Amino acid sequence: MAPWRSTLILIVTLCAVLAIAFAIGCASSRTVFVPEESPMRIGPDSRIKVYHRVNGEWTLSQNRIAIPEGWYLVPPSFVKE
């Protein structure tokens, strides 16, 4: 086989691998806008940092905690302080 053919096959293979990797990467993450008036429910296996009240101040937790599936997340406008 001519040397240019093996180089061409290598280039085509690398391009195909990069295209597949790009397509998989784009499909796995997306941003979804949730409107203010729409509460959300926690999905399975959720571990997040949360704010909690310490001496009347909202403080971010140092570590991530497990939130049970099915709990609701609501926007601040839903909560009366």
# chains A, B, ... in the order shown; residues from 1 in each chain; ligands from 1
call {"tool": "residues_around", "arguments": {"residues": "A:Ser46", "least_positions_apart": "4", "cutoff": "10 Å", "atoms": "only C-alpha atoms", "output": "PyMOL selection string"}}
result
chain A and resi 42+64-69
call {"tool": "select_by_dssp", "arguments": {"residues": "stretch 9-81 of chain A", "states": "strand (DSSP E)", "output": "PyMOL selection string"}}
result
chain A and resi 40-41+46-48+51-54+57-60+65-67+72-73
call {"tool": "residues_around", "arguments": {"residues": "stretch 34-40 of chain A", "least_positions_apart": "3", "cutoff": "8 Å", "atoms": "only C-alpha atoms", "output": "compact mmCIF listing (two decimals) with C-alpha atoms, in the first residue's frame"}}
result
# COMPACT_ATOMS: atom_id res chain seq x y z
CA TYR A 72 -39.21 19.84 45.88
CA LEU A 73 -37.00 22.78 44.97
CA VAL A 74 -38.89 26.04 44.94
CA PRO A 75 -37.78 29.55 43.96
CA SER A 77 -40.58 33.84 45.85
call {"tool": "closest_residue", "arguments": {"among": "A:Ala23, A:Val32, A:Leu14, A:Trp71", "to": "A:Pro44", "atoms": "only C-alpha atoms"}}
result
A:Trp71
call {"tool": "select_by_dssp", "arguments": {"residues": "stretch 8-80 of chain A", "states": "alpha helix (DSSP H)", "output": "VMD selection string"}}
result
chain A and resid 8 to 28
